[in-house]
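S.K.: Before I ask anything, let me first share the structure, which is written out below as structure tokens.
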Amino acid sequence: MLEGKALVEDTDMPVKMQMRAMTSASQALDLFDVSDCKSIAFYIKKEFDKRFGLGWQCVVGSNFGCFFTHTKGTFIYFGLESLKFLIFKGVSSPTPGSSY
């Protein structure tokens with residue numbers, strides 16, 4: 001396990017959820033080759049969907065950029081080994097025709 005070696009660059013997650021994110025990333029790196037970013041991201045997404053409800057997104061790689069909207073308290077961006085991890089829960093949009 002690589003716990004404790006992650007460097008959080010930005011987050012608005014509660015500390016316990018941050019720890020879960022880093023633990024899940026570490027477990028994924030134990031299971032998959034560092035070059036298999038798709039499997040790593042899928043593993044983390046499924047872990048978060050199971051623990052915290054559906055709707056989580058995960059981006060893993062060494063060089064990426066993005067813009068996104070997230071639910072408050074569900075965002076973390078951190079580095080572990082040679083990879084960067086972006087985990088967040090998307091914002092639910094209202095059903096078309098519904099009022100706000």
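Numbering starts fresh at 1 for the residues of each chain in the structure tokens, the chains themselves are lettered A, B, ... in the order given, and ligands are numbered from 1 as they appear.
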Which of segment 3-93 of chain A counts as helix (DSSP H, G or I) under DSSP, as a PyMOL selection string please?
M.R.: chain A and resi 15-31+37-52
S.K.: Would you export the selected residues with N, CA, C and O atoms as a CSV table (one decimal), in the first residue's frame, please?
M.R.:
```
chain,number,residue,atom,x,y,z
A,15,VAL,N,-12.4,15.1,5.6
A,15,VAL,CA,-11.2,14.4,5.8
A,15,VAL,C,-11.3,12.9,5.6
A,15,VAL,O,-10.5,12.2,5.0
A,16,LYS,N,-12.4,12.3,6.2
A,16,LYS,CA,-12.6,10.9,6.1
A,16,LYS,C,-12.8,10.4,4.6
A,16,LYS,O,-12.3,9.4,4.2
A,17,MET,N,-13.5,11.2,3.9
A,17,MET,CA,-13.7,10.9,2.5
A,17,MET,C,-12.3,11.1,1.7
A,17,MET,O,-12.0,10.3,0.8
A,18,GLN,N,-11.5,12.1,2.0
A,18,GLN,CA,-10.2,12.2,1.4
A,18,GLN,C,-9.4,11.0,1.6
A,18,GLN,O,-8.7,10.5,0.7
A,19,MET,N,-9.4,10.5,2.9
A,19,MET,CA,-8.6,9.3,3.2
A,19,MET,C,-9.1,8.1,2.4
A,19,MET,O,-8.3,7.3,1.9
A,20,ARG,N,-10.4,8.0,2.2
A,20,ARG,CA,-10.9,6.9,1.4
A,20,ARG,C,-10.5,7.0,0.0
A,20,ARG,O,-10.2,6.0,-0.7
A,21,ALA,N,-10.4,8.2,-0.6
A,21,ALA,CA,-10.0,8.5,-1.9
A,21,ALA,C,-8.5,8.0,-2.1
A,21,ALA,O,-8.2,7.3,-3.1
A,22,MET,N,-7.7,8.4,-1.2
A,22,MET,CA,-6.3,8.0,-1.3
A,22,MET,C,-6.1,6.5,-1.1
A,22,MET,O,-5.2,5.9,-1.8
A,23,THR,N,-6.9,5.9,-0.2
A,23,THR,CA,-6.8,4.5,0.0
A,23,THR,C,-7.2,3.7,-1.2
A,23,THR,O,-6.6,2.8,-1.6
A,24,SER,N,-8.3,4.2,-1.8
A,24,SER,CA,-8.8,3.5,-3.0
A,24,SER,C,-7.8,3.6,-4.2
A,24,SER,O,-7.6,2.7,-4.9
A,25,ALA,N,-7.2,4.8,-4.3
A,25,ALA,CA,-6.2,5.0,-5.3
A,25,ALA,C,-5.0,4.1,-5.1
A,25,ALA,O,-4.5,3.4,-6.0
A,26,SER,N,-4.6,3.9,-3.8
A,26,SER,CA,-3.5,3.1,-3.5
A,26,SER,C,-3.8,1.6,-3.8
A,26,SER,O,-3.0,0.9,-4.4
A,27,GLN,N,-5.0,1.2,-3.4
A,27,GLN,CA,-5.4,-0.2,-3.7
A,27,GLN,C,-5.5,-0.4,-5.2
A,27,GLN,O,-5.1,-1.5,-5.7
A,28,ALA,N,-6.0,0.5,-6.0
A,28,ALA,CA,-6.0,0.4,-7.4
A,28,ALA,C,-4.6,0.2,-8.0
A,28,ALA,O,-4.4,-0.6,-8.9
A,29,LEU,N,-3.7,1.0,-7.5
A,29,LEU,CA,-2.3,0.9,-8.0
A,29,LEU,C,-1.7,-0.5,-7.6
A,29,LEU,O,-0.8,-0.9,-8.3
A,30,ASP,N,-2.1,-1.1,-6.5
A,30,ASP,CA,-1.7,-2.4,-6.2
A,30,ASP,C,-2.2,-3.4,-7.1
A,30,ASP,O,-1.6,-4.5,-7.3
A,31,LEU,N,-3.4,-3.2,-7.6
A,31,LEU,CA,-4.1,-4.2,-8.5
A,31,LEU,C,-3.8,-4.0,-10.0
A,31,LEU,O,-3.8,-5.0,-10.7
A,37,CYS,N,-4.5,3.4,-16.7
A,37,CYS,CA,-5.3,4.5,-16.1
A,37,CYS,C,-6.8,4.2,-16.1
A,37,CYS,O,-7.5,4.6,-15.2
A,38,LYS,N,-7.3,3.7,-17.2
A,38,LYS,CA,-8.7,3.4,-17.4
A,38,LYS,C,-9.2,2.4,-16.3
A,38,LYS,O,-10.2,2.7,-15.7
A,39,SER,N,-8.5,1.4,-16.0
A,39,SER,CA,-8.9,0.4,-15.0
A,39,SER,C,-8.8,1.0,-13.6
A,39,SER,O,-9.6,0.7,-12.7
A,40,ILE,N,-7.7,1.8,-13.4
A,40,ILE,CA,-7.6,2.4,-12.1
A,40,ILE,C,-8.7,3.4,-11.8
A,40,ILE,O,-9.3,3.3,-10.7
A,41,ALA,N,-9.1,4.2,-12.8
A,41,ALA,CA,-10.2,5.1,-12.6
A,41,ALA,C,-11.5,4.4,-12.4
A,41,ALA,O,-12.3,4.8,-11.6
A,42,PHE,N,-11.7,3.3,-13.2
A,42,PHE,CA,-13.0,2.6,-13.0
A,42,PHE,C,-13.1,2.0,-11.6
A,42,PHE,O,-14.1,2.0,-11.0
A,43,TYR,N,-12.0,1.4,-11.1
A,43,TYR,CA,-12.0,0.8,-9.8
A,43,TYR,C,-12.3,1.9,-8.7
A,43,TYR,O,-13.2,1.6,-7.9
A,44,ILE,N,-11.7,3.0,-8.8
A,44,ILE,CA,-12.0,4.1,-7.8
A,44,ILE,C,-13.5,4.6,-8.0
A,44,ILE,O,-14.1,4.7,-6.9
A,45,LYS,N,-13.9,4.8,-9.2
A,45,LYS,CA,-15.3,5.2,-9.4
A,45,LYS,C,-16.3,4.2,-8.8
A,45,LYS,O,-17.2,4.6,-8.1
A,46,LYS,N,-16.1,2.9,-9.0
A,46,LYS,CA,-17.0,1.9,-8.5
A,46,LYS,C,-16.9,1.9,-6.9
A,46,LYS,O,-17.9,1.7,-6.3
A,47,GLU,N,-15.7,2.0,-6.4
A,47,GLU,CA,-15.6,2.1,-4.9
A,47,GLU,C,-16.4,3.3,-4.3
A,47,GLU,O,-17.1,3.1,-3.3
A,48,PHE,N,-16.3,4.4,-4.9
A,48,PHE,CA,-17.0,5.6,-4.5
A,48,PHE,C,-18.5,5.5,-4.7
A,48,PHE,O,-19.3,5.8,-3.8
A,49,ASP,N,-19.0,4.9,-5.8
A,49,ASP,CA,-20.4,4.7,-6.1
A,49,ASP,C,-21.0,3.8,-5.0
A,49,ASP,O,-22.1,4.0,-4.5
A,50,LYS,N,-20.2,2.7,-4.6
A,50,LYS,CA,-20.7,1.8,-3.6
A,50,LYS,C,-20.7,2.4,-2.2
A,50,LYS,O,-21.7,2.2,-1.5
A,51,ARG,N,-19.7,3.2,-1.9
A,51,ARG,CA,-19.7,3.7,-0.5
A,51,ARG,C,-20.5,5.0,-0.3
A,51,ARG,O,-21.0,5.2,0.8
A,52,PHE,N,-20.6,5.8,-1.4
A,52,PHE,CA,-21.2,7.1,-1.2
A,52,PHE,C,-22.3,7.4,-2.2
A,52,PHE,O,-22.7,8.6,-2.3
```
S.K.: Write out as a ChimeraX atom specification the residues lying within 12 Å of Gly65 of chain A, counting only C-alpha atoms and excluding same-chain residues fewer than 6 positions away.
M.R.: /A:59,77,84-86
S.K.: Suppose we keep N, CA, C and O atoms; can you now write the selection as a PDB file, in the first residue's frame?
M.R.:
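Below is the file that was written, selection06.pdb:
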```
ATOM      1  N   VAL A  59     -10.959  10.729 -12.876  1.00  0.00           N
ATOM      2  CA  VAL A  59     -10.017  10.924 -13.977  1.00  0.00           C
ATOM      3  C   VAL A  59      -8.631  10.616 -13.422  1.00  0.00           C
ATOM      4  O   VAL A  59      -8.256  11.122 -12.357  1.00  0.00           O
ATOM      5  N   TYR A  77      -8.400  16.507  -5.718  1.00  0.00           N
ATOM      6  CA  TYR A  77      -7.382  16.387  -6.759  1.00  0.00           C
ATOM      7  C   TYR A  77      -6.064  16.145  -6.039  1.00  0.00           C
ATOM      8  O   TYR A  77      -5.650  16.957  -5.197  1.00  0.00           O
ATOM      9  N   LYS A  84      -1.882  11.638 -11.372  1.00  0.00           N
ATOM     10  CA  LYS A  84      -2.785  12.593 -10.738  1.00  0.00           C
ATOM     11  C   LYS A  84      -4.174  11.965 -10.737  1.00  0.00           C
ATOM     12  O   LYS A  84      -4.551  11.252 -11.674  1.00  0.00           O
ATOM     13  N   PHE A  85      -4.931  12.248  -9.676  1.00  0.00           N
ATOM     14  CA  PHE A  85      -6.266  11.700  -9.494  1.00  0.00           C
ATOM     15  C   PHE A  85      -7.249  12.833  -9.275  1.00  0.00           C
ATOM     16  O   PHE A  85      -7.024  13.690  -8.412  1.00  0.00           O
ATOM     17  N   LEU A  86      -8.315  12.835 -10.028  1.00  0.00           N
ATOM     18  CA  LEU A  86      -9.401  13.797  -9.869  1.00  0.00           C
ATOM     19  C   LEU A  86     -10.660  12.982  -9.629  1.00  0.00           C
ATOM     20  O   LEU A  86     -11.053  12.169 -10.473  1.00  0.00           O
TER      21      LEU A  86
END
```
S.K.: Give me the residues near Gly79 of chain A as a ChimeraX atom specification, where near means some atom within 6 Å (using only C-alpha atoms) and where sequence neighbours in that chain fewer than 4 positions away do not count.
M.R.: /A:6-7,83-84
S.K.: Take the residues from that selection and write them out as a short mmCIF file (atom, residue, chain, number, x, y, z; two decimals), in the first residue's frame, keeping N, CA, C and O atoms.
M.R.:
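See result-v7.cif below for the written result:
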```cif
data_model
loop_
_atom_site.label_atom_id
_atom_site.label_comp_id
_atom_site.auth_asym_id
_atom_site.auth_seq_id
_atom_site.Cartn_x
_atom_site.Cartn_y
_atom_site.Cartn_z
N ALA A 6 0.44 10.31 -0.72
CA ALA A 6 -0.32 11.13 -1.66
C ALA A 6 -0.16 12.60 -1.29
O ALA A 6 -0.05 12.95 -0.12
N LEU A 7 -0.16 13.44 -2.30
CA LEU A 7 -0.08 14.88 -2.10
C LEU A 7 -1.37 15.51 -2.60
O LEU A 7 -1.63 15.55 -3.81
N LEU A 83 1.10 9.58 -11.00
CA LEU A 83 -0.24 9.89 -11.52
C LEU A 83 -0.94 10.98 -10.71
O LEU A 83 -0.66 11.19 -9.54
N LYS A 84 -1.88 11.64 -11.37
CA LYS A 84 -2.79 12.59 -10.74
C LYS A 84 -4.17 11.97 -10.74
O LYS A 84 -4.55 11.25 -11.67
#
```
S.K.: Kindly give the distance, in Å, that separates atom CA of Lys89 of chain A and atom CA of Val34 of chain A, rounded to a single decimal.
M.R.: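 The value is 23.6 Å.
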S.K.: Between A:Val91, A:Gly73, A:Trp56, A:Glu81, which is the closest to Asp10 of chain A once you count only C-alpha atoms?
M.R.: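 Once distances to Asp10 of chain A are computed over only C-alpha atoms, the minimum belongs to A:Gly73.
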S.K.: Using the chain letters and numbers from this document, which residues of chain A does DSSP assign to strand (DSSP E or B), as a PyMOL selection string?
M.R.: chain A and resi 7-11+56-61+70+76-80+83-90
S.K.: Export C-alpha atoms of the chosen residues as a compact mmCIF listing (two decimals), in the first residue's frame?
M.R.:
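The resulting file, selection_19.txt, is shown below:
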```
# COMPACT_ATOMS: atom_id res chain seq x y z
CA LEU A 7 -0.08 14.88 -2.10
CA VAL A 8 -3.46 16.62 -2.02
CA GLU A 9 -3.40 19.64 -4.32
CA ASP A 10 -7.01 20.80 -3.87
CA THR A 11 -10.14 19.49 -2.19
CA TRP A 56 -19.02 9.67 -8.99
CA GLN A 57 -16.50 10.52 -11.69
CA CYS A 58 -12.79 9.73 -11.68
CA VAL A 59 -10.02 10.92 -13.98
CA VAL A 60 -6.53 9.40 -13.70
CA GLY A 61 -3.45 10.30 -15.70
CA HIS A 70 -19.37 19.15 -8.84
CA ILE A 76 -10.44 16.02 -4.54
CA TYR A 77 -7.38 16.39 -6.76
CA PHE A 78 -4.19 14.67 -5.61
CA GLY A 79 -1.01 13.04 -6.84
CA LEU A 80 0.22 9.55 -6.01
CA LEU A 83 -0.24 9.89 -11.52
CA LYS A 84 -2.79 12.59 -10.74
CA PHE A 85 -6.27 11.70 -9.49
CA LEU A 86 -9.40 13.80 -9.87
CA ILE A 87 -12.48 12.44 -8.09
CA PHE A 88 -15.79 14.25 -7.83
CA LYS A 89 -19.52 13.70 -7.77
CA GLY A 90 -21.40 15.39 -10.59
```
S.K.: Ser92 of chain A: which residues within 10 Å, counting only C-alpha atoms, same-chain residues fewer than 6 positions away excluded, as JSON, numbers by chain?
M.R.: {"A": [55, 69, 70, 71]}
S.K.: Please save N, CA and C atoms of the selected residues as a PDB file, in the first residue's frame.
M.R.:
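What follows is the written file out.pdb:
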```pdb
ATOM      1  N   GLY A  55     -23.031   8.294  -9.071  1.00  0.00           N
ATOM      2  CA  GLY A  55     -22.783   9.592  -9.685  1.00  0.00           C
ATOM      3  C   GLY A  55     -21.353  10.084  -9.610  1.00  0.00           C
ATOM      4  N   THR A  69     -18.364  20.711 -13.120  1.00  0.00           N
ATOM      5  CA  THR A  69     -19.193  21.192 -12.023  1.00  0.00           C
ATOM      6  C   THR A  69     -19.407  20.013 -11.089  1.00  0.00           C
ATOM      7  N   HIS A  70     -19.243  20.248  -9.794  1.00  0.00           N
ATOM      8  CA  HIS A  70     -19.373  19.151  -8.837  1.00  0.00           C
ATOM      9  C   HIS A  70     -20.283  19.530  -7.674  1.00  0.00           C
ATOM     10  N   THR A  71     -20.773  18.509  -7.005  1.00  0.00           N
ATOM     11  CA  THR A  71     -21.556  18.694  -5.803  1.00  0.00           C
ATOM     12  C   THR A  71     -20.610  19.139  -4.685  1.00  0.00           C
TER      13      THR A  71
END
```
S.K.: Would you work out the distance separating atom CA of Asp33 of chain A from atom CA of Leu54 of chain A, expressed in Å to one decimal?
M.R.: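 Going from atom CA of Asp33 of chain A over to atom CA of Leu54 of chain A covers 25.9 Å.
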